[in-house]
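Engineer: Okay, here's the structure, questions in a sec.
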Amino acid sequence: MATEAGDNATLKRKAHQGRPVSLMRKTVIHALLLGVCLVFMAPFAWMISTSLKPKDQLMAPSPTLVPQQCEAQIDGAWVAVDREADDLDITCLLVRPVGTSYSQVILPDMLHEGYELLQTVDATPDRPWAKVRERLPGGEFGELRVVPVSELRYRAVPQWSNYKEVVRHDQMKFPLFMRNTLVIAALGVIGSLFGSSLAAYAFAKIKFRGRGVLFVVMLSTMMIPFPVLMVPMFSMFKWMGENQLGTWLGTFKPLWVPMWFGSAFNIFLLRQFFKTIPNELSEAARIDGCSELGIFLRIVLPLSRPALAVVALFTFMWVWNDFLGPLIYLQNQEQYTLVLGLQAYQSQHTGAEWHYLMATSVLIVLPIVVLFFIAQRTFIEGIATTGMKG
Amino acid sequence: MALKDHNTLKGLAFLSPWLIGFVAFMALPIGLSFYYSLSVYPLYDEPAYVGADNYAQLLWEPDGSGGYGDALFWKSLKNTGYFALLSLPAMMIVSLGLALLLNTRVAGLSIYRTIIFLPSIIPIMAAAMVFLLFADSQDGVLNAMLAKIGIDGPDWLGSEAMAMPSLALLSVWGVGHTVVIYLAGLQDVPASLYEAAEIDGAGAWSKLWHVTLPCISPVIFFNLIIAIIGTVQYFLQPYVITNGGPSESTYVLTMYLYDKAFQYHEFGYASAMAWIMFVIILVLTGLAFWTSKRWVHYQGE
């Protein structure tokens, strides 16, 4: 596509100058945008809400957005309880098998000497009783009790402890996965800044034979789908391991080393920016005896901080989000990244652990959202640039 | 001439990391992949050349039950195509529509823009997780909300008919990235063109059709190419959300490729599939480029 030299890479913020928008039209636009934004925000709201719910509220028959906690009066005091999904709606008995320390619910005709009767439950479909267990510190539960549903109360209490439990979870090794992700991201970000800026400088500032052809080759690598590369790359890394040329499989190397050689997207983005830097600056430095590398390091790079920030940001996000790479190359759980760890945990606990899954999701989303708000301009301009000059 | 040679050396020196990377991580793997695609290559053995056998098995050899080629391959290809048919037009239209809405002068635009943009930058895995919960047929809030207004919501992810449309719906949620690119394009449309159109008595639709769309056609084209390349490789969402099901109705091309390579260790067969995928991308982008002469207008040319 057309690329104009010297075109400024920054996005010009100007709404088009038409007639003032009529009130009627404004209302319609606001209504449409509000509707879309509500739909777009709903999953976030649900994610956060679920991450703060107690386990027994995850599948509540009519889900509430505000995290509720079920409470019952036990021995005269209101305590937080875990309510089981199935309520009782016929007469039954709460009993304790003699010689044990747990209680259970049985039908009246099942009562025999082996049971100590604790309570008669005169539940009816109109007056159901709930089976509850007191929530004890440390994620433990008290013994089974029965309470009329009408005597339960719900209070809006967010379960911040879900987050604490997720971070300390022995299967979802959050701190470890976070560390792994950050190591790969750091190496990847430094590497892509290095490799991409060098190549971008060659494409933007040095006139040499074959540059045009190489540039087209470089751009066309964007079209190569990763699924085409993943099989041969896996077998290359396997081959290297078998021939004492370095262990790559089951390490982070396949995930960050290739980034040190630059990627088409980042090279293109930086090249567009480098081209906007006037050649007079480098010419002046060259007359002063500055080498090409010196010009690159001392003049071009310092002037390109905004573009380098875009590359760093996008690379970080790419590593943070990447799933297929870690899925293929990482072989034991100790090395998992956050995204891979989340998926592994989800596939092992289908359906039941939504509060933990959502708390983890929030923790994975949060850094990206924070980054976005810190660097909103960088984000938007970076994306706009790639599209505009693509 | 001496200066030119000097420049060539300098240029190649600066380019050397990329050149080495290109050879090691692009050219060599692509060459190997092509060789593997012509081989039988069980992961823990050497590749053995068999010619076009893999392609024959995938595409045209009778499969013994009246069909030709690998039925599952055709199914996965069909699924990817179906997903593309559902999601590409939806994404293109929704993103352009939102960009047009955001390119007006009303208050609070930056807030709207931020909200629309956010879903596109969060990890797809997190989006997949929340969608799993959101669209669950029994416990999902989506059906609970629909029930409140008297609609018996479908089994979004659990029924063959709805699973793929649901995934396409999720892809529309992540459209913000494209919206931002459109928005930048819209803001570069010269105001003078709108003024000229207004003097000629053009209404809103006429301006959209005769000024806006032609002016941003290069951006539409760019977004289309990016979307095509991404859609053909579609993998994570069906892998995580539906695991290809129910009844393989969301089993897409990349999932089959992944399974063949890393579950069944048939590297040769998987490579042949990868090459078919590559050719599909090349043909589709080629087609887009070919037709682009008719509908993409570059300003100042």
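Convention: chains lettered A, B, ... in structure tokens order; per-chain residue numbering from 1; ligands numbered from 1 as shown.
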Could you list, as JSON, numbers by chain, the residues of chain B having an atom within 7 Å of chain A when counting only C-alpha atoms?

Structural biologist: {"B": [4, 7, 8, 11, 14, 15, 17, 18, 21, 25, 29, 30, 32, 33, 101, 103, 104, 105, 106, 112, 115, 116, 122, 123, 124, 125, 126, 130, 134, 139, 141, 144, 173, 180, 181, 184, 185, 187, 191, 219, 222, 229, 233, 254, 261, 267, 271, 274, 275, 278]}

Engineer: Please, could you write that set of residues out with N, CA and C atoms as a tab-separated table (two decimals), in the first residue's frame?

Structural biologist:
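Dumped to out02.tsv:
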chain	number	residue	atom	x	y	z
B	4	LYS	N	28.34	3.50	-2.80
B	4	LYS	CA	27.22	2.56	-2.85
B	4	LYS	C	27.58	1.23	-2.18
B	7	ASN	N	27.60	1.65	1.39
B	7	ASN	CA	26.24	1.66	1.92
B	7	ASN	C	25.64	0.27	1.97
B	8	THR	N	25.93	-0.53	0.95
B	8	THR	CA	25.41	-1.89	0.93
B	8	THR	C	25.90	-2.66	2.15
B	11	GLY	N	24.18	-1.26	5.19
B	11	GLY	CA	22.79	-1.68	5.20
B	11	GLY	C	22.67	-3.14	5.64
B	14	PHE	N	23.37	-3.59	9.37
B	14	PHE	CA	22.21	-3.28	10.22
B	14	PHE	C	21.10	-4.31	10.06
B	15	LEU	N	21.03	-4.84	8.86
B	15	LEU	CA	19.95	-5.78	8.58
B	15	LEU	C	20.28	-7.21	9.03
B	17	PRO	N	20.84	-8.94	11.80
B	17	PRO	CA	20.04	-9.74	12.74
B	17	PRO	C	18.74	-10.22	12.09
B	18	TRP	N	18.07	-9.30	11.38
B	18	TRP	CA	16.82	-9.72	10.76
B	18	TRP	C	17.07	-10.79	9.71
B	21	GLY	N	17.65	-14.08	11.36
B	21	GLY	CA	16.37	-14.55	11.87
B	21	GLY	C	15.45	-15.02	10.76
B	25	PHE	N	14.34	-18.67	11.16
B	25	PHE	CA	13.00	-18.86	11.71
B	25	PHE	C	11.87	-18.67	10.70
B	29	PRO	N	12.37	-22.97	8.17
B	29	PRO	CA	11.16	-23.72	8.55
B	29	PRO	C	10.17	-23.90	7.39
B	30	ILE	N	10.05	-22.86	6.55
B	30	ILE	CA	9.10	-23.00	5.44
B	30	ILE	C	9.57	-24.07	4.47
B	32	LEU	N	11.59	-26.59	5.20
B	32	LEU	CA	11.42	-27.88	5.90
B	32	LEU	C	9.96	-28.31	5.87
B	33	SER	N	9.09	-27.36	6.13
B	33	SER	CA	7.67	-27.68	6.17
B	33	SER	C	7.21	-28.26	4.84
B	101	LEU	N	-19.93	6.07	14.17
B	101	LEU	CA	-20.59	6.67	15.33
B	101	LEU	C	-19.59	7.47	16.17
B	103	ASN	N	-16.98	8.89	15.15
B	103	ASN	CA	-16.39	10.00	14.40
B	103	ASN	C	-17.37	11.18	14.32
B	104	THR	N	-18.28	11.27	15.28
B	104	THR	CA	-19.20	12.40	15.30
B	104	THR	C	-18.79	13.32	16.44
B	105	ARG	N	-19.42	14.47	16.49
B	105	ARG	CA	-19.04	15.40	17.55
B	105	ARG	C	-20.08	15.38	18.66
B	106	VAL	N	-20.03	14.38	19.49
B	106	VAL	CA	-20.92	14.35	20.65
B	106	VAL	C	-20.04	14.22	21.90
B	112	TYR	N	-16.63	6.38	25.39
B	112	TYR	CA	-17.18	5.34	24.52
B	112	TYR	C	-16.05	4.58	23.82
B	115	ILE	N	-14.21	2.20	26.09
B	115	ILE	CA	-14.99	1.00	26.43
B	115	ILE	C	-15.04	0.03	25.24
B	116	ILE	N	-15.20	0.58	24.05
B	116	ILE	CA	-15.28	-0.29	22.88
B	116	ILE	C	-13.92	-0.92	22.58
B	122	ILE	N	-7.62	-7.19	25.93
B	122	ILE	CA	-7.45	-8.13	27.04
B	122	ILE	C	-7.07	-9.49	26.46
B	123	PRO	N	-6.34	-10.30	27.25
B	123	PRO	CA	-5.95	-11.62	26.73
B	123	PRO	C	-7.16	-12.40	26.24
B	124	ILE	N	-7.04	-12.98	25.06
B	124	ILE	CA	-8.16	-13.72	24.49
B	124	ILE	C	-8.57	-14.85	25.43
B	125	MET	N	-7.58	-15.38	26.17
B	125	MET	CA	-7.90	-16.46	27.09
B	125	MET	C	-8.89	-16.00	28.15
B	126	ALA	N	-8.66	-14.80	28.68
B	126	ALA	CA	-9.58	-14.28	29.70
B	126	ALA	C	-10.96	-14.03	29.08
B	130	VAL	N	-14.50	-15.80	30.34
B	130	VAL	CA	-15.72	-15.11	30.77
B	130	VAL	C	-16.87	-15.43	29.82
B	134	PHE	N	-20.41	-16.73	30.79
B	134	PHE	CA	-21.48	-15.83	30.39
B	134	PHE	C	-22.55	-16.55	29.58
B	139	ASP	N	-26.20	-22.01	33.74
B	139	ASP	CA	-25.80	-21.08	34.78
B	139	ASP	C	-25.41	-19.72	34.23
B	141	VAL	N	-25.32	-16.03	32.69
B	141	VAL	CA	-26.13	-14.85	32.96
B	141	VAL	C	-26.86	-14.40	31.69
B	144	ALA	N	-30.06	-16.09	31.70
B	144	ALA	CA	-30.84	-15.60	32.84
B	144	ALA	C	-31.46	-14.25	32.50
B	173	TRP	N	-17.11	-8.99	19.76
B	173	TRP	CA	-16.81	-8.29	21.01
B	173	TRP	C	-15.39	-7.70	20.97
B	180	VAL	N	-10.50	1.32	16.02
B	180	VAL	CA	-9.50	2.39	16.17
B	180	VAL	C	-8.80	2.66	14.84
B	181	ILE	N	-8.52	1.61	14.09
B	181	ILE	CA	-7.88	1.81	12.79
B	181	ILE	C	-8.82	2.56	11.84
B	184	ALA	N	-9.02	6.29	12.80
B	184	ALA	CA	-7.88	7.06	12.32
B	184	ALA	C	-8.06	7.38	10.84
B	185	GLY	N	-8.56	6.40	10.08
B	185	GLY	CA	-8.79	6.63	8.66
B	185	GLY	C	-9.85	7.69	8.43
B	187	GLN	N	-10.66	10.09	10.36
B	187	GLN	CA	-10.22	11.42	10.74
B	187	GLN	C	-9.25	12.02	9.73
B	191	ALA	N	-11.71	17.47	5.22
B	191	ALA	CA	-12.99	18.13	5.48
B	191	ALA	C	-13.49	18.82	4.22
B	219	VAL	N	-8.14	1.69	4.07
B	219	VAL	CA	-8.17	1.17	5.44
B	219	VAL	C	-9.06	-0.06	5.51
B	222	PHE	N	-7.02	-2.83	4.17
B	222	PHE	CA	-6.02	-3.29	5.15
B	222	PHE	C	-6.68	-4.17	6.21
B	229	ILE	N	-6.27	-13.14	7.24
B	229	ILE	CA	-5.12	-13.90	7.73
B	229	ILE	C	-5.41	-14.45	9.13
B	233	GLN	N	-6.45	-18.72	10.54
B	233	GLN	CA	-5.67	-19.38	11.60
B	233	GLN	C	-6.44	-19.54	12.90
B	254	THR	N	-7.06	-25.12	12.12
B	254	THR	CA	-5.86	-25.10	12.95
B	254	THR	C	-5.93	-26.12	14.09
B	261	ALA	N	-0.39	-32.78	14.58
B	261	ALA	CA	1.02	-32.59	14.87
B	261	ALA	C	1.37	-32.98	16.30
B	267	PHE	N	3.76	-35.43	11.78
B	267	PHE	CA	4.27	-34.13	11.35
B	267	PHE	C	4.14	-33.91	9.84
B	271	SER	N	2.01	-30.94	8.23
B	271	SER	CA	2.68	-29.95	7.38
B	271	SER	C	1.92	-29.76	6.06
B	274	ALA	N	-0.78	-27.53	6.80
B	274	ALA	CA	-0.29	-26.16	6.97
B	274	ALA	C	-0.09	-25.51	5.61
B	275	TRP	N	0.42	-26.28	4.65
B	275	TRP	CA	0.63	-25.71	3.33
B	275	TRP	C	-0.68	-25.41	2.63
B	278	PHE	N	-1.72	-22.22	4.06
B	278	PHE	CA	-0.91	-21.14	3.51
B	278	PHE	C	-1.43	-20.74	2.13

Engineer: Excluding A:Lys53 and its own-chain neighbours fewer than 4 positions away, which residues fall within 9 Å of it when counting only C-alpha atoms? Please give them as a ChimeraX atom specification.

Structural biologist: /A:49,57-58,66-69,157-160,162,355

Engineer: Measure the distance from atom CA of B:Ser292 to atom CA of B:Pro190 in Å and round it to one decimal.

Structural biologist: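 About the pair atom CA of B:Ser292 and atom CA of B:Pro190: they are 21.9 Å apart.
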
Engineer: Please provide the set of residues having any atom within 12 Å of stretch 277-279 of chain A, restricted to only C-alpha atoms, with same-chain residues fewer than 4 positions apart removed, written as a list in words.

Structural biologist: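 Using only C-alpha atoms, the neighbours found are Ala5, Gly6, Asp7, Asn8, Ala9, Tyr201, Ala204, Lys205, Ile206, Leu270, Arg271, Gln272, Phe273, Glu283, Ala284, Ala285, Arg286, Ile295, Phe296, Ile299, Val300, Leu301, Pro302, Leu303, Ser304 and Ala307 of chain A.
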
Engineer: Do you have the atom CA of B:Gln57-atom CA of B:Trp74 distance handy?

Structural biologist: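 Result for atom CA of B:Gln57 versus atom CA of B:Trp74: 11.3 Å, one decimal.
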
Engineer: Please run DSSP on the backbone and report, as a VMD selection string, all residues within stretch 83-244 of chain A that come out as alpha helix (DSSP H).

Structural biologist: chain A and resid 161 to 168 174 to 205 211 to 220 226 to 242

Engineer: Can you write out the residues you just picked, keeping C-alpha atoms, as a compact mmCIF listing (two decimals), in the first residue's frame?

Structural biologist:
# COMPACT_ATOMS: atom_id res chain seq x y z
CA SER A 161 -10.43 -13.80 49.87
CA ASN A 162 -11.00 -15.46 46.46
CA TYR A 163 -8.06 -13.46 45.16
CA LYS A 164 -5.90 -14.43 48.10
CA GLU A 165 -6.84 -18.08 47.58
CA VAL A 166 -6.08 -17.91 43.86
CA VAL A 167 -2.65 -16.43 44.44
CA ARG A 168 -1.90 -19.10 47.03
CA PHE A 174 -0.06 -17.82 40.10
CA PRO A 175 3.19 -16.23 41.37
CA LEU A 176 5.28 -18.75 39.46
CA PHE A 177 3.30 -18.39 36.24
CA MET A 178 3.49 -14.62 36.62
CA ARG A 179 7.25 -14.81 37.02
CA ASN A 180 7.57 -17.03 33.93
CA THR A 181 5.43 -14.69 31.87
CA LEU A 182 7.40 -11.64 32.99
CA VAL A 183 10.75 -13.29 32.22
CA ILE A 184 9.65 -14.18 28.69
CA ALA A 185 8.07 -10.76 28.21
CA ALA A 186 11.17 -8.89 29.41
CA LEU A 187 13.51 -10.89 27.18
CA GLY A 188 11.06 -10.56 24.29
CA VAL A 189 10.59 -6.82 24.67
CA ILE A 190 14.34 -6.09 24.88
CA GLY A 191 14.95 -8.43 21.97
CA SER A 192 12.33 -7.01 19.67
CA LEU A 193 13.50 -3.45 20.41
CA PHE A 194 17.01 -4.54 19.46
CA GLY A 195 16.31 -6.56 16.35
CA SER A 196 13.46 -4.50 14.95
CA SER A 197 15.11 -1.11 15.38
CA LEU A 198 18.32 -2.20 13.65
CA ALA A 199 16.44 -3.55 10.65
CA ALA A 200 14.08 -0.58 10.60
CA TYR A 201 17.07 1.76 10.51
CA ALA A 202 18.50 -0.04 7.51
CA PHE A 203 15.17 0.14 5.69
CA ALA A 204 14.53 3.78 6.58
CA LYS A 205 17.90 5.48 6.50
CA ARG A 211 16.59 -2.69 -0.17
CA GLY A 212 13.26 -2.51 -1.97
CA VAL A 213 13.17 -6.25 -2.60
CA LEU A 214 14.18 -7.10 0.95
CA PHE A 215 11.55 -4.73 2.29
CA VAL A 216 8.84 -6.46 0.30
CA VAL A 217 10.13 -9.86 1.48
CA MET A 218 10.09 -8.58 5.05
CA LEU A 219 6.51 -7.31 4.74
CA SER A 220 5.30 -10.50 3.12
CA PHE A 226 2.21 -19.42 12.61
CA PRO A 227 0.61 -22.86 12.14
CA VAL A 228 2.86 -23.27 9.07
CA LEU A 229 5.98 -22.50 11.11
CA MET A 230 5.17 -24.32 14.32
CA VAL A 231 5.67 -27.87 13.06
CA PRO A 232 9.10 -27.35 11.41
CA MET A 233 10.28 -25.11 14.24
CA PHE A 234 9.33 -27.74 16.78
CA SER A 235 11.27 -30.36 14.86
CA MET A 236 14.26 -28.01 14.47
CA PHE A 237 14.37 -27.42 18.21
CA LYS A 238 13.98 -31.12 18.83
CA TRP A 239 16.82 -31.86 16.41
CA MET A 240 19.07 -29.34 18.17
CA GLY A 241 18.40 -31.00 21.49
CA GLU A 242 19.21 -34.43 20.10

Engineer: Quote the spacing between atom CA of B:Leu19 and atom CA of A:Thr315 in Å to one decimal place.

Structural biologist: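 Those two atoms sit 19.9 Å apart.
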